[in-house]
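Chemist: What follows is input.cif; its format and atoms are mmCIF, C-alpha atoms.
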data_protein
#
loop_
_atom_site.group_PDB
_atom_site.id
_atom_site.type_symbol
_atom_site.label_atom_id
_atom_site.label_comp_id
_atom_site.auth_asym_id
_atom_site.auth_seq_id
_atom_site.Cartn_x
_atom_site.Cartn_y
_atom_site.Cartn_z
ATOM 1 C CA MET A 1 -4.001 -13.048 -30.700
ATOM 2 C CA LYS A 2 -4.824 -15.197 -27.708
ATOM 3 C CA ALA A 3 -1.817 -16.009 -25.592
ATOM 4 C CA ALA A 4 -1.678 -18.546 -22.780
ATOM 5 C CA VAL A 5 1.135 -17.943 -20.315
ATOM 6 C CA ILE A 6 1.930 -20.914 -18.083
ATOM 7 C CA THR A 7 2.867 -20.655 -14.418
ATOM 8 C CA PHE A 8 4.734 -23.501 -12.729
ATOM 9 C CA PRO A 9 5.607 -23.496 -9.048
ATOM 10 C CA GLY A 10 8.731 -21.316 -9.084
ATOM 11 C CA SER A 11 8.073 -19.507 -12.383
ATOM 12 C CA ASN A 12 8.796 -15.826 -11.823
ATOM 13 C CA CYS A 13 8.778 -14.200 -15.264
ATOM 14 C CA ASP A 14 5.199 -15.139 -16.046
ATOM 15 C CA ARG A 15 3.772 -11.706 -15.320
ATOM 16 C CA ASP A 16 6.411 -9.987 -17.442
ATOM 17 C CA LEU A 17 5.733 -12.393 -20.291
ATOM 18 C CA ALA A 18 1.977 -11.809 -19.977
ATOM 19 C CA GLU A 19 2.689 -8.050 -20.108
ATOM 20 C CA GLY A 20 4.881 -8.508 -23.174
ATOM 21 C CA PHE A 21 2.016 -10.154 -25.013
ATOM 22 C CA ALA A 22 -0.588 -7.686 -23.673
ATOM 23 C CA ILE A 23 1.411 -4.642 -24.738
ATOM 24 C CA ALA A 24 1.400 -6.070 -28.271
ATOM 25 C CA GLY A 25 -2.388 -6.226 -28.126
ATOM 26 C CA ALA A 26 -2.881 -9.870 -27.249
ATOM 27 C CA GLN A 27 -5.609 -11.261 -25.071
ATOM 28 C CA VAL A 28 -3.683 -13.089 -22.375
ATOM 29 C CA GLU A 29 -4.764 -15.845 -20.072
ATOM 30 C CA ARG A 30 -2.568 -17.083 -17.228
ATOM 31 C CA VAL A 31 -2.600 -20.868 -16.967
ATOM 32 C CA TRP A 32 -1.682 -22.816 -13.823
ATOM 33 C CA HIS A 33 0.460 -25.857 -14.520
ATOM 34 C CA LYS A 34 -2.166 -28.259 -13.156
ATOM 35 C CA GLN A 35 -4.651 -27.392 -15.914
ATOM 36 C CA THR A 36 -4.956 -30.222 -18.414
ATOM 37 C CA GLU A 37 -6.463 -28.070 -21.176
ATOM 38 C CA LEU A 38 -5.322 -24.820 -22.699
ATOM 39 C CA PRO A 39 -7.895 -22.022 -22.980
ATOM 40 C CA PRO A 40 -10.074 -22.434 -26.096
ATOM 41 C CA GLY A 41 -8.812 -20.482 -29.087
ATOM 42 C CA THR A 42 -5.233 -20.244 -27.800
ATOM 43 C CA ASP A 43 -2.950 -19.055 -30.592
ATOM 44 C CA ILE A 44 0.335 -19.116 -28.721
ATOM 45 C CA VAL A 45 1.623 -20.629 -25.505
ATOM 46 C CA GLY A 46 4.248 -18.732 -23.541
ATOM 47 C CA ILE A 47 6.459 -20.693 -21.162
ATOM 48 C CA PRO A 48 8.149 -18.146 -18.904
ATOM 49 C CA GLY A 49 11.466 -17.850 -17.141
ATOM 50 C CA GLY A 50 12.095 -18.551 -13.498
ATOM 51 C CA PHE A 51 13.020 -21.515 -11.355
ATOM 52 C CA SER A 52 10.227 -24.009 -11.876
ATOM 53 C CA TYR A 53 10.376 -26.661 -9.139
ATOM 54 C CA GLY A 54 13.472 -24.946 -7.811
ATOM 55 C CA ASP A 55 15.509 -26.370 -10.733
ATOM 56 C CA TYR A 56 15.343 -29.651 -8.790
ATOM 57 C CA LEU A 57 16.897 -32.637 -10.611
ATOM 58 C CA ARG A 58 17.514 -30.530 -13.748
ATOM 59 C CA CYS A 59 16.166 -27.163 -14.846
ATOM 60 C CA GLY A 60 12.739 -27.658 -16.366
ATOM 61 C CA ALA A 61 12.792 -31.445 -15.939
ATOM 62 C CA ILE A 62 9.908 -31.681 -13.521
ATOM 63 C CA ALA A 63 7.860 -28.915 -15.158
ATOM 64 C CA ALA A 64 8.134 -30.921 -18.383
ATOM 65 C CA GLN A 65 6.086 -33.640 -16.646
ATOM 66 C CA SER A 66 3.379 -31.256 -15.356
ATOM 67 C CA PRO A 67 -0.259 -31.904 -16.305
ATOM 68 C CA VAL A 68 -0.250 -28.895 -18.653
ATOM 69 C CA ALA A 69 2.778 -30.247 -20.541
ATOM 70 C CA ARG A 70 0.669 -32.839 -22.341
ATOM 71 C CA ALA A 71 -1.715 -30.119 -23.512
ATOM 72 C CA ILE A 72 1.244 -28.076 -24.728
ATOM 73 C CA ARG A 73 2.678 -31.082 -26.558
ATOM 74 C CA ASP A 74 -0.657 -31.755 -28.283
ATOM 75 C CA PHE A 75 -1.013 -28.065 -29.143
ATOM 76 C CA ALA A 76 2.470 -27.938 -30.656
ATOM 77 C CA GLY A 77 1.764 -31.208 -32.476
ATOM 78 C CA ARG A 78 -1.239 -29.541 -34.126
ATOM 79 C CA GLY A 79 0.978 -26.694 -35.328
ATOM 80 C CA GLY A 80 0.433 -24.320 -32.420
ATOM 81 C CA HIS A 81 3.009 -21.639 -31.675
ATOM 82 C CA VAL A 82 5.034 -21.843 -28.486
ATOM 83 C CA LEU A 83 7.510 -19.299 -27.099
ATOM 84 C CA GLY A 84 9.754 -20.626 -24.328
ATOM 85 C CA ILE A 85 12.021 -18.099 -22.615
ATOM 86 C CA CYS A 86 14.905 -19.038 -20.344
ATOM 87 C CA ASN A 87 13.407 -21.684 -18.005
ATOM 88 C CA GLY A 88 10.777 -22.032 -20.737
ATOM 89 C CA PHE A 89 13.522 -22.971 -23.222
ATOM 90 C CA GLN A 90 14.789 -25.515 -20.694
ATOM 91 C CA VAL A 91 11.290 -26.971 -20.342
ATOM 92 C CA LEU A 92 10.947 -27.241 -24.136
ATOM 93 C CA THR A 93 14.215 -29.157 -24.484
ATOM 94 C CA GLU A 94 13.266 -31.425 -21.580
ATOM 95 C CA MET A 95 9.936 -32.079 -23.329
ATOM 96 C CA GLY A 96 11.804 -32.936 -26.514
ATOM 97 C CA LEU A 97 9.904 -30.215 -28.416
ATOM 98 C CA LEU A 98 13.270 -28.635 -29.175
ATOM 99 C CA PRO A 99 16.563 -30.469 -29.745
ATOM 100 C CA GLY A 100 19.627 -30.216 -27.518
ATOM 101 C CA ALA A 101 19.934 -29.389 -23.851
ATOM 102 C CA LEU A 102 20.784 -26.428 -21.631
ATOM 103 C CA MET A 103 23.667 -27.047 -19.256
ATOM 104 C CA ARG A 104 25.479 -25.111 -16.512
ATOM 105 C CA ASN A 105 27.155 -21.989 -17.895
ATOM 106 C CA ALA A 106 30.719 -22.778 -18.939
ATOM 107 C CA GLY A 107 32.088 -20.056 -16.630
ATOM 108 C CA LEU A 108 30.007 -21.510 -13.753
ATOM 109 C CA LYS A 109 28.643 -18.095 -12.759
ATOM 110 C CA PHE A 110 25.065 -16.832 -12.882
ATOM 111 C CA ILE A 111 25.030 -14.200 -15.615
ATOM 112 C CA CYS A 112 22.704 -11.245 -15.338
ATOM 113 C CA LYS A 113 23.296 -8.499 -17.933
ATOM 114 C CA PRO A 114 22.124 -7.164 -21.279
ATOM 115 C CA VAL A 115 23.645 -9.012 -24.216
ATOM 116 C CA THR A 116 23.791 -8.326 -27.920
ATOM 117 C CA LEU A 117 22.256 -10.958 -30.167
ATOM 118 C CA ARG A 118 22.122 -11.344 -33.927
ATOM 119 C CA VAL A 119 18.925 -12.476 -35.568
ATOM 120 C CA ALA A 120 20.125 -15.610 -37.349
ATOM 121 C CA THR A 121 17.234 -16.439 -39.631
ATOM 122 C CA ALA A 122 15.029 -14.522 -42.047
ATOM 123 C CA ASP A 123 12.336 -17.181 -42.038
ATOM 124 C CA CYS A 124 10.512 -17.152 -38.731
ATOM 125 C CA VAL A 125 7.372 -15.437 -37.491
ATOM 126 C CA PHE A 126 9.071 -14.599 -34.185
ATOM 127 C CA CYS A 127 11.863 -12.739 -36.014
ATOM 128 C CA ALA A 128 9.734 -11.236 -38.791
ATOM 129 C CA GLY A 129 9.890 -7.838 -37.092
ATOM 130 C CA TYR A 130 13.671 -7.686 -37.395
ATOM 131 C CA ALA A 131 15.825 -7.209 -40.474
ATOM 132 C CA PRO A 132 17.799 -10.407 -41.176
ATOM 133 C CA GLY A 133 21.081 -10.248 -39.301
ATOM 134 C CA ALA A 134 19.823 -7.395 -37.120
ATOM 135 C CA GLU A 135 21.517 -6.822 -33.776
ATOM 136 C CA VAL A 136 19.250 -6.665 -30.757
ATOM 137 C CA VAL A 137 19.909 -6.294 -27.056
ATOM 138 C CA PHE A 138 18.026 -8.418 -24.532
ATOM 139 C CA PRO A 139 18.864 -9.125 -20.896
ATOM 140 C CA VAL A 140 20.023 -12.568 -19.868
ATOM 141 C CA ALA A 141 19.680 -13.870 -16.333
ATOM 142 C CA HIS A 142 20.681 -17.494 -16.057
ATOM 143 C CA HIS A 143 23.014 -20.052 -14.555
ATOM 144 C CA ASP A 144 22.206 -22.873 -16.957
ATOM 145 C CA GLY A 145 22.102 -21.353 -20.430
ATOM 146 C CA ASN A 146 24.899 -23.316 -22.061
ATOM 147 C CA TYR A 147 23.178 -24.739 -25.164
ATOM 148 C CA THR A 148 24.598 -28.155 -25.981
ATOM 149 C CA ILE A 149 23.865 -30.380 -28.942
ATOM 150 C CA ASN A 150 25.785 -33.170 -30.644
ATOM 151 C CA ALA A 151 27.504 -32.746 -33.998
ATOM 152 C CA GLU A 152 24.699 -34.430 -35.909
ATOM 153 C CA GLY A 153 22.046 -32.269 -34.257
ATOM 154 C CA LEU A 154 24.056 -29.120 -34.879
ATOM 155 C CA ALA A 155 24.477 -29.971 -38.545
ATOM 156 C CA ARG A 156 20.736 -30.419 -38.805
ATOM 157 C CA LEU A 157 19.999 -27.107 -37.049
ATOM 158 C CA GLN A 158 22.388 -25.275 -39.322
ATOM 159 C CA GLY A 159 21.251 -27.072 -42.460
ATOM 160 C CA GLU A 160 17.576 -26.415 -41.746
ATOM 161 C CA ASP A 161 18.086 -22.777 -40.683
ATOM 162 C CA GLN A 162 16.710 -23.505 -37.218
ATOM 163 C CA VAL A 163 19.039 -21.221 -35.279
ATOM 164 C CA ALA A 164 16.992 -18.122 -34.452
ATOM 165 C CA PHE A 165 19.458 -16.010 -32.435
ATOM 166 C CA ARG A 166 23.195 -16.095 -31.804
ATOM 167 C CA TYR A 167 25.180 -14.305 -29.114
ATOM 168 C CA GLY A 168 27.530 -11.577 -30.266
ATOM 169 C CA ALA A 169 29.877 -12.324 -27.378
ATOM 170 C CA ASN A 170 29.055 -15.805 -26.061
ATOM 171 C CA PRO A 171 28.478 -15.431 -22.319
ATOM 172 C CA ASN A 172 27.883 -19.059 -21.395
ATOM 173 C CA GLY A 173 29.748 -21.433 -23.743
ATOM 174 C CA SER A 174 26.748 -22.309 -25.909
ATOM 175 C CA THR A 175 27.598 -24.424 -28.949
ATOM 176 C CA ASP A 176 27.854 -22.265 -32.090
ATOM 177 C CA ASP A 177 26.956 -19.216 -29.936
ATOM 178 C CA ILE A 178 23.345 -20.345 -30.102
ATOM 179 C CA ALA A 179 20.947 -18.228 -28.016
ATOM 180 C CA GLY A 180 17.660 -19.451 -29.481
ATOM 181 C CA VAL A 181 16.427 -22.300 -31.660
ATOM 182 C CA LEU A 182 13.338 -23.127 -33.675
ATOM 183 C CA SER A 183 11.559 -26.438 -34.024
ATOM 184 C CA ALA A 184 11.541 -28.151 -37.396
ATOM 185 C CA ASN A 185 8.113 -26.646 -38.193
ATOM 186 C CA ARG A 186 9.445 -23.207 -37.094
ATOM 187 C CA ARG A 187 6.480 -22.635 -34.763
ATOM 188 C CA VAL A 188 8.218 -23.379 -31.478
ATOM 189 C CA LEU A 189 10.946 -20.984 -30.365
ATOM 190 C CA GLY A 190 13.142 -21.445 -27.331
ATOM 191 C CA MET A 191 15.573 -18.733 -26.298
ATOM 192 C CA MET A 192 17.633 -18.008 -23.188
ATOM 193 C CA PRO A 193 17.562 -14.167 -23.370
ATOM 194 C CA HIS A 194 14.440 -12.291 -22.214
ATOM 195 C CA PRO A 195 12.677 -10.282 -24.938
ATOM 196 C CA GLU A 196 9.846 -9.545 -22.490
ATOM 197 C CA ARG A 197 12.360 -7.563 -20.431
ATOM 198 C CA ALA A 198 12.902 -5.207 -23.363
ATOM 199 C CA VAL A 199 9.431 -4.039 -24.318
ATOM 200 C CA GLU A 200 9.214 -0.730 -22.430
ATOM 201 C CA ALA A 201 11.671 2.152 -22.255
ATOM 202 C CA ALA A 202 11.673 1.903 -18.454
ATOM 203 C CA GLN A 203 13.270 -1.544 -18.810
ATOM 204 C CA GLY A 204 16.293 -0.023 -20.547
ATOM 205 C CA GLY A 205 15.472 -1.101 -24.078
ATOM 206 C CA THR A 206 12.595 -1.977 -26.362
ATOM 207 C CA ASP A 207 14.162 -4.394 -28.865
ATOM 208 C CA GLY A 208 11.793 -7.097 -27.632
ATOM 209 C CA SER A 209 8.650 -5.275 -28.792
ATOM 210 C CA ALA A 210 9.199 -6.278 -32.400
ATOM 211 C CA LEU A 211 9.053 -9.949 -31.465
ATOM 212 C CA PHE A 212 5.672 -9.691 -29.766
ATOM 213 C CA ARG A 213 4.280 -7.318 -32.404
ATOM 214 C CA ALA A 214 5.320 -9.674 -35.204
ATOM 215 C CA LEU A 215 3.462 -12.504 -33.487
ATOM 216 C CA ALA A 216 0.364 -10.360 -32.968
ATOM 217 C CA GLY A 217 0.508 -9.248 -36.600
ATOM 218 C CA MET A 218 0.776 -12.793 -37.921
ATOM 219 C CA MET A 219 -2.013 -14.078 -35.707
ATOM 220 C CA ALA A 220 -4.277 -11.201 -36.768
ATOM 221 C CA ARG A 221 -4.036 -12.283 -40.371
ATOM 222 C CA VAL A 222 -5.000 -15.880 -39.569
ATOM 223 C CA MET B 1 13.299 -53.150 -2.750
ATOM 224 C CA LYS B 2 16.030 -50.542 -2.687
ATOM 225 C CA ALA B 3 17.659 -49.264 -5.815
ATOM 226 C CA ARG B 4 20.389 -46.771 -6.591
ATOM 227 C CA VAL B 5 20.636 -44.860 -9.848
ATOM 228 C CA HIS B 6 23.906 -43.223 -10.904
ATOM 229 C CA VAL B 7 23.549 -40.398 -13.400
ATOM 230 C CA MET B 8 26.648 -39.009 -15.085
ATOM 231 C CA LEU B 9 27.230 -36.745 -18.054
ATOM 232 C CA LYS B 10 28.029 -38.656 -21.230
ATOM 233 C CA ASP B 11 31.758 -38.909 -21.861
ATOM 234 C CA ALA B 12 31.669 -36.559 -24.843
ATOM 235 C CA VAL B 13 30.058 -33.765 -22.812
ATOM 236 C CA LEU B 14 32.283 -31.162 -21.161
ATOM 237 C CA ASP B 15 31.933 -30.933 -17.378
ATOM 238 C CA PRO B 16 33.068 -27.505 -16.155
ATOM 239 C CA GLN B 17 31.812 -28.250 -12.663
ATOM 240 C CA GLY B 18 34.017 -31.349 -12.510
ATOM 241 C CA GLU B 19 36.895 -29.185 -13.698
ATOM 242 C CA ALA B 20 36.202 -26.648 -10.959
ATOM 243 C CA VAL B 21 36.354 -29.454 -8.406
ATOM 244 C CA ARG B 22 39.667 -30.635 -9.867
ATOM 245 C CA HIS B 23 41.138 -27.138 -9.596
ATOM 246 C CA ALA B 24 39.956 -26.822 -6.018
ATOM 247 C CA LEU B 25 41.568 -30.159 -5.124
ATOM 248 C CA ALA B 26 44.834 -28.980 -6.668
ATOM 249 C CA THR B 27 44.626 -25.766 -4.664
ATOM 250 C CA LEU B 28 44.216 -27.872 -1.541
ATOM 251 C CA GLY B 29 47.448 -29.671 -2.362
ATOM 252 C CA PHE B 30 46.097 -32.897 -3.840
ATOM 253 C CA ALA B 31 48.477 -33.336 -6.767
ATOM 254 C CA GLY B 32 47.980 -35.747 -9.601
ATOM 255 C CA VAL B 33 44.194 -35.574 -9.945
ATOM 256 C CA GLU B 34 43.987 -35.847 -13.697
ATOM 257 C CA ARG B 35 40.253 -35.687 -14.224
ATOM 258 C CA VAL B 36 37.101 -35.127 -12.213
ATOM 259 C CA ARG B 37 33.566 -35.722 -13.431
ATOM 260 C CA GLN B 38 30.627 -35.208 -11.149
ATOM 261 C CA GLY B 39 27.152 -36.718 -11.315
ATOM 262 C CA LYS B 40 24.173 -37.637 -9.190
ATOM 263 C CA VAL B 41 23.156 -40.599 -7.087
ATOM 264 C CA ILE B 42 19.435 -41.147 -6.615
ATOM 265 C CA ASP B 43 18.283 -43.730 -4.070
ATOM 266 C CA LEU B 44 14.786 -45.167 -4.399
ATOM 267 C CA ASP B 45 12.723 -47.384 -2.116
ATOM 268 C CA LEU B 46 10.320 -49.366 -4.298
ATOM 269 C CA ALA B 47 7.220 -51.282 -3.212
ATOM 270 C CA VAL B 48 7.663 -53.816 -6.030
ATOM 271 C CA ALA B 49 9.276 -57.106 -4.947
ATOM 272 C CA ASP B 50 10.163 -58.657 -8.298
ATOM 273 C CA ARG B 51 13.694 -57.757 -9.459
ATOM 274 C CA ALA B 52 12.938 -57.929 -13.156
ATOM 275 C CA ALA B 53 9.847 -55.759 -12.794
ATOM 276 C CA ALA B 54 11.823 -53.299 -10.667
ATOM 277 C CA ALA B 55 14.645 -53.141 -13.208
ATOM 278 C CA ALA B 56 12.202 -52.459 -16.035
ATOM 279 C CA GLU B 57 10.451 -49.734 -14.028
ATOM 280 C CA LEU B 58 13.739 -48.118 -13.094
ATOM 281 C CA ARG B 59 14.881 -48.059 -16.721
ATOM 282 C CA ALA B 60 11.616 -46.312 -17.647
ATOM 283 C CA MET B 61 12.094 -43.844 -14.784
ATOM 284 C CA CYS B 62 15.595 -43.046 -16.003
ATOM 285 C CA GLU B 63 14.534 -42.611 -19.613
ATOM 286 C CA LYS B 64 11.558 -40.423 -18.717
ATOM 287 C CA LEU B 65 12.800 -38.311 -15.856
ATOM 288 C CA LEU B 66 15.833 -39.222 -13.792
ATOM 289 C CA ALA B 67 18.328 -38.729 -16.631
ATOM 290 C CA ASN B 68 18.324 -36.387 -19.598
ATOM 291 C CA THR B 69 19.534 -38.890 -22.167
ATOM 292 C CA VAL B 70 20.565 -36.091 -24.525
ATOM 293 C CA ILE B 71 23.540 -35.371 -22.273
ATOM 294 C CA GLU B 72 23.472 -37.958 -19.480
ATOM 295 C CA LYS B 73 23.950 -41.698 -19.071
ATOM 296 C CA TYR B 74 22.718 -43.807 -16.192
ATOM 297 C CA GLU B 75 23.427 -47.016 -14.329
ATOM 298 C CA ILE B 76 20.934 -48.868 -12.182
ATOM 299 C CA GLU B 77 21.907 -50.848 -9.104
ATOM 300 C CA ILE B 78 19.404 -53.005 -7.257
ATOM 301 C CA LEU B 79 20.698 -52.985 -3.712
#
Would you mind writing the file's structure down as structure tokens?
Modeler:
Amino acid sequence: MKAAVITFPGSNCDRDLAEGFAIAGAQVERVWHKQTELPPGTDIVGIPGGFSYGDYLRCGAIAAQSPVARAIRDFAGRGGHVLGICNGFQVLTEMGLLPGALMRNAGLKFICKPVTLRVATADCVFCAGYAPGAEVVFPVAHHDGNYTINAEGLARLQGEDQVAFRYGANPNGSTDDIAGVLSANRRVLGMMPHPERAVEAAQGGTDGSALFRALAGMMARV
Amino acid sequence: MKARVHVMLKDAVLDPQGEAVRHALATLGFAGVERVRQGKVIDLDLAVADRAAAAAELRAMCEKLLANTVIEKYEIEIL
């Protein structure tokens, strides 16, 4: 599996995300946001957490207009896989590659703690390493993780089984306790919690390994 | 040409930050503030001289970047 992990000015979880992929056996290339092409043979793009452009204007809004964003959009349009974590999820919604929007946490505080999630779909390469309905623990670290979508959009997400993860105890007011969503073609995943911060025992948990291993396993068969 | 863009959350969207402001005002003794919504004002100095062209450009700017039309609405003022 060849992973391309993007770095925007202000991204700070790019190294951890690169490590997450590497530990699962992927070949990882780090991509600066000014590049207009992804590395040849890229199987999956990782958009990391952090504070791209200082969250100026709106989280992820300016990163979504970066030169590399067009390449990511084309890649996703061709059926490429994209994993957006935290700020990466925000960038994906700002790009319109995922529906809805991430707003300020309902409690107005920055939340930084491990949370329990339930895997909400059985049909998703990112979740293939988990039993359906499995509980996993990933850290969250965000101020603007409140997933918001209108009634029509929510009905569509639910009807099409596009909710990938739900919070056990909703920390930020997200609609329908949604922690992660899939695109209609199920190849783009955006999630607020950080699976890459749960891939080694030293991080306090390894529930994230199964996500990266499932991706590596699927790519290997291609 | 100078323009001012007002960006607010759409009416149907909850605004906890506006609520926090309302509570703070009440704590300060300002009674009777029934609702607070907060947004952004963005001032732009444009090189274009033609009002219609400016208005069209500003609308495009709002749709593409200045507002997230999933959750926000905008108003454009040519000053």
Chemist: Residues of chain A within 7 Å of chain B: nearest atom pair and distance (Å, one decimal) for each, counting all atoms listed in the file, sorted by chain and number, as JSON lines?
Modeler:
{"residue": "A:Ala61", "atom": "CA", "partner": "B:Leu65", "partner_atom": "CA", "distance": 6.9}
{"residue": "A:Gly100", "atom": "CA", "partner": "B:Val70", "partner_atom": "CA", "distance": 6.7}
{"residue": "A:Ala101", "atom": "CA", "partner": "B:Val70", "partner_atom": "CA", "distance": 6.8}
{"residue": "A:Ala106", "atom": "CA", "partner": "B:Pro16", "partner_atom": "CA", "distance": 6.0}
Chemist: Ranking A:Gly96, A:Gly180, A:Gly79, A:Gly159 by minimum distance to A:Pro193 and counting only C-alpha atoms, which one comes first?
Modeler: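 Counting only C-alpha atoms, the residue closest to A:Pro193 is A:Gly180.
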Chemist: One number please: atom CA of A:Thr206 to atom CA of A:Ser174, in Å, one decimal.
Modeler: 24.8 Å
Chemist: B:Arg37, B:Lys10, B:Lys2, B:His23: which is nearest B:Ala55, counting only C-alpha atoms?
Modeler: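 Closest candidate: B:Lys2.
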Chemist: Closest to A:Phe21 among A:Pro48, A:Pro171, A:Gly205, A:Pro132, using all atoms listed in the file?
Modeler: A:Pro48
Chemist: Give me, please, the distance in Å between atom CA of B:Glu63 and atom CA of A:Gly50, quoted to one decimal.
Modeler: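 So the answer is 24.9 Å.
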Chemist: Closest to B:Met1 among B:Ile76, B:Ala52, B:Leu44, B:Met61, using only C-alpha atoms?
Modeler: B:Leu44
Chemist: Could you pull the residues within 10 Å of A:Asn12, counting all atoms listed in the file, minus those fewer than 5 positions along the same chain, as a PDB file with C-alpha atoms, in the coordinates of the input?
Modeler:
ATOM      1  CA  THR A   7       2.867 -20.655 -14.418  1.00  0.00           C
ATOM      2  CA  LEU A  17       5.733 -12.393 -20.291  1.00  0.00           C
ATOM      3  CA  PRO A  48       8.149 -18.146 -18.904  1.00  0.00           C
ATOM      4  CA  GLY A  49      11.466 -17.850 -17.141  1.00  0.00           C
ATOM      5  CA  GLY A  50      12.095 -18.551 -13.498  1.00  0.00           C
ATOM      6  CA  PHE A  51      13.020 -21.515 -11.355  1.00  0.00           C
ATOM      7  CA  SER A  52      10.227 -24.009 -11.876  1.00  0.00           C
ATOM      8  CA  ASN A  87      13.407 -21.684 -18.005  1.00  0.00           C
TER       9      ASN A  87
END
Chemist: Work out how far apart atom CA of A:Gln35 and atom CA of A:Ala64 are and give it in Å to one decimal.
Modeler: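 Separation between atom CA of A:Gln35 and atom CA of A:Ala64: 13.5 Å.
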Chemist: Check what the PyMOL selection byres ((chain A and resi 30) around 9) selects in the file above and give those residues as a PyMOL selection string.
Modeler: chain A and resi 3-7+14-15+18+28-29+31-32
Chemist: Measuring atom to atom with all atoms listed in the file, identify which of A:Ala71, A:Ala164, A:Ile47, A:Cys59 is nearest to A:Ala128.
Modeler: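 So, comparing all the options, the nearest one is A:Ala164.
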Chemist: Closest to A:Gly88 among A:Arg156, A:His194, A:Arg213, A:Arg187, using all atoms listed in the file?
Modeler: A:His194
Chemist: With the file shown as input, list the residues that the PyMOL selection byres ((chain A and resi 145) around 7) selects, as an mmCIF file with C-alpha atoms, in the coordinates of the input.
Modeler:
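Final output, saved to part.cif:
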data_model
loop_
_atom_site.group_PDB
_atom_site.id
_atom_site.type_symbol
_atom_site.label_atom_id
_atom_site.label_comp_id
_atom_site.auth_asym_id
_atom_site.auth_seq_id
_atom_site.Cartn_x
_atom_site.Cartn_y
_atom_site.Cartn_z
ATOM 1 C CA LEU A 102 20.784 -26.428 -21.631
ATOM 2 C CA MET A 103 23.667 -27.047 -19.256
ATOM 3 C CA ARG A 104 25.479 -25.111 -16.512
ATOM 4 C CA ASN A 105 27.155 -21.989 -17.895
ATOM 5 C CA HIS A 142 20.681 -17.494 -16.057
ATOM 6 C CA HIS A 143 23.014 -20.052 -14.555
ATOM 7 C CA ASP A 144 22.206 -22.873 -16.957
ATOM 8 C CA ASN A 146 24.899 -23.316 -22.061
ATOM 9 C CA TYR A 147 23.178 -24.739 -25.164
ATOM 10 C CA ASN A 172 27.883 -19.059 -21.395
ATOM 11 C CA MET A 192 17.633 -18.008 -23.188
#
Chemist: Applying the PyMOL selection byres ((chain B and resi 36) around 6) to the file I just gave you, which residues come out? Please list them as a compact mmCIF listing (two decimals) with C-alpha atoms, in the coordinates of the input.
Modeler:
# COMPACT_ATOMS: atom_id res chain seq x y z
CA GLY B 18 34.02 -31.35 -12.51
CA ARG B 22 39.67 -30.64 -9.87
CA ARG B 35 40.25 -35.69 -14.22
CA ARG B 37 33.57 -35.72 -13.43
Chemist: Go ahead and find all residues with at least one atom no further than 12 Å from (14.2, -52.2, -10.0) in the file's coordinates, using all atoms listed in the file; report them as a ChimeraX atom specification.
Modeler: /B:1-5,43-62,75-79
Chemist: Which polymer residues, whether protein, DNA or RNA, lie within 9 Å of the coordinate (13.9, -26.7, -44.0) when you count all atoms listed in the file? List them as a list of chain:residue names, using the chain letters and numbers from the file.
Modeler: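 Output: A:Gly159, A:Glu160, A:Asp161, A:Gln162, A:Ala184, A:Asn185, A:Arg186.
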Chemist: Draw an axis-aligned box over all listed atoms of stretch 72-76 of chain B, pad each side with 8 Å, and write its centre and edge lengths in Å, one decimal, as lines of an AutoDock Vina configuration file.
Modeler:
center_x = 22.4
center_y = -43.4
center_z = -15.8
size_x = 19.0
size_y = 26.9
size_z = 23.3
Chemist: Write a file for stretch 121-151 of chain A, containing C-alpha atoms (output as an mmCIF file, in the first residue's frame).
Modeler:
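That gives us result-v3.cif:
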data_model
loop_
_atom_site.group_PDB
_atom_site.id
_atom_site.type_symbol
_atom_site.label_atom_id
_atom_site.label_comp_id
_atom_site.auth_asym_id
_atom_site.auth_seq_id
_atom_site.Cartn_x
_atom_site.Cartn_y
_atom_site.Cartn_z
ATOM 1 C CA THR A 121 -21.180 -0.070 9.675
ATOM 2 C CA ALA A 122 -20.176 -3.554 8.566
ATOM 3 C CA ASP A 123 -19.532 -2.467 4.998
ATOM 4 C CA CYS A 124 -16.384 -0.386 4.838
ATOM 5 C CA VAL A 125 -12.748 -1.192 4.154
ATOM 6 C CA PHE A 126 -11.648 1.138 6.962
ATOM 7 C CA CYS A 127 -13.760 -0.800 9.488
ATOM 8 C CA ALA A 128 -13.203 -4.282 8.048
ATOM 9 C CA GLY A 129 -10.800 -5.086 10.884
ATOM 10 C CA TYR A 130 -13.495 -4.601 13.513
ATOM 11 C CA ALA A 131 -16.510 -6.754 14.301
ATOM 12 C CA PRO A 132 -19.713 -4.869 13.405
ATOM 13 C CA GLY A 133 -20.821 -2.856 16.409
ATOM 14 C CA ALA A 134 -17.423 -3.260 18.072
ATOM 15 C CA GLU A 135 -16.418 -0.738 20.720
ATOM 16 C CA VAL A 136 -13.073 0.952 20.238
ATOM 17 C CA VAL A 137 -11.247 3.647 22.154
ATOM 18 C CA PHE A 138 -9.481 6.467 20.321
ATOM 19 C CA PRO A 139 -8.304 9.823 21.654
ATOM 20 C CA VAL A 140 -10.073 12.988 20.604
ATOM 21 C CA ALA A 141 -8.414 16.387 20.702
ATOM 22 C CA HIS A 142 -10.586 19.066 19.180
ATOM 23 C CA HIS A 143 -12.488 22.288 19.668
ATOM 24 C CA ASP A 144 -14.583 22.064 16.514
ATOM 25 C CA GLY A 145 -15.802 18.482 16.266
ATOM 26 C CA ASN A 146 -19.538 19.074 16.423
ATOM 27 C CA TYR A 147 -20.773 17.257 13.294
ATOM 28 C CA THR A 148 -23.760 19.074 11.835
ATOM 29 C CA ILE A 149 -25.954 18.075 8.930
ATOM 30 C CA ASN A 150 -29.505 18.941 7.926
ATOM 31 C CA ALA A 151 -32.402 16.521 8.286
#
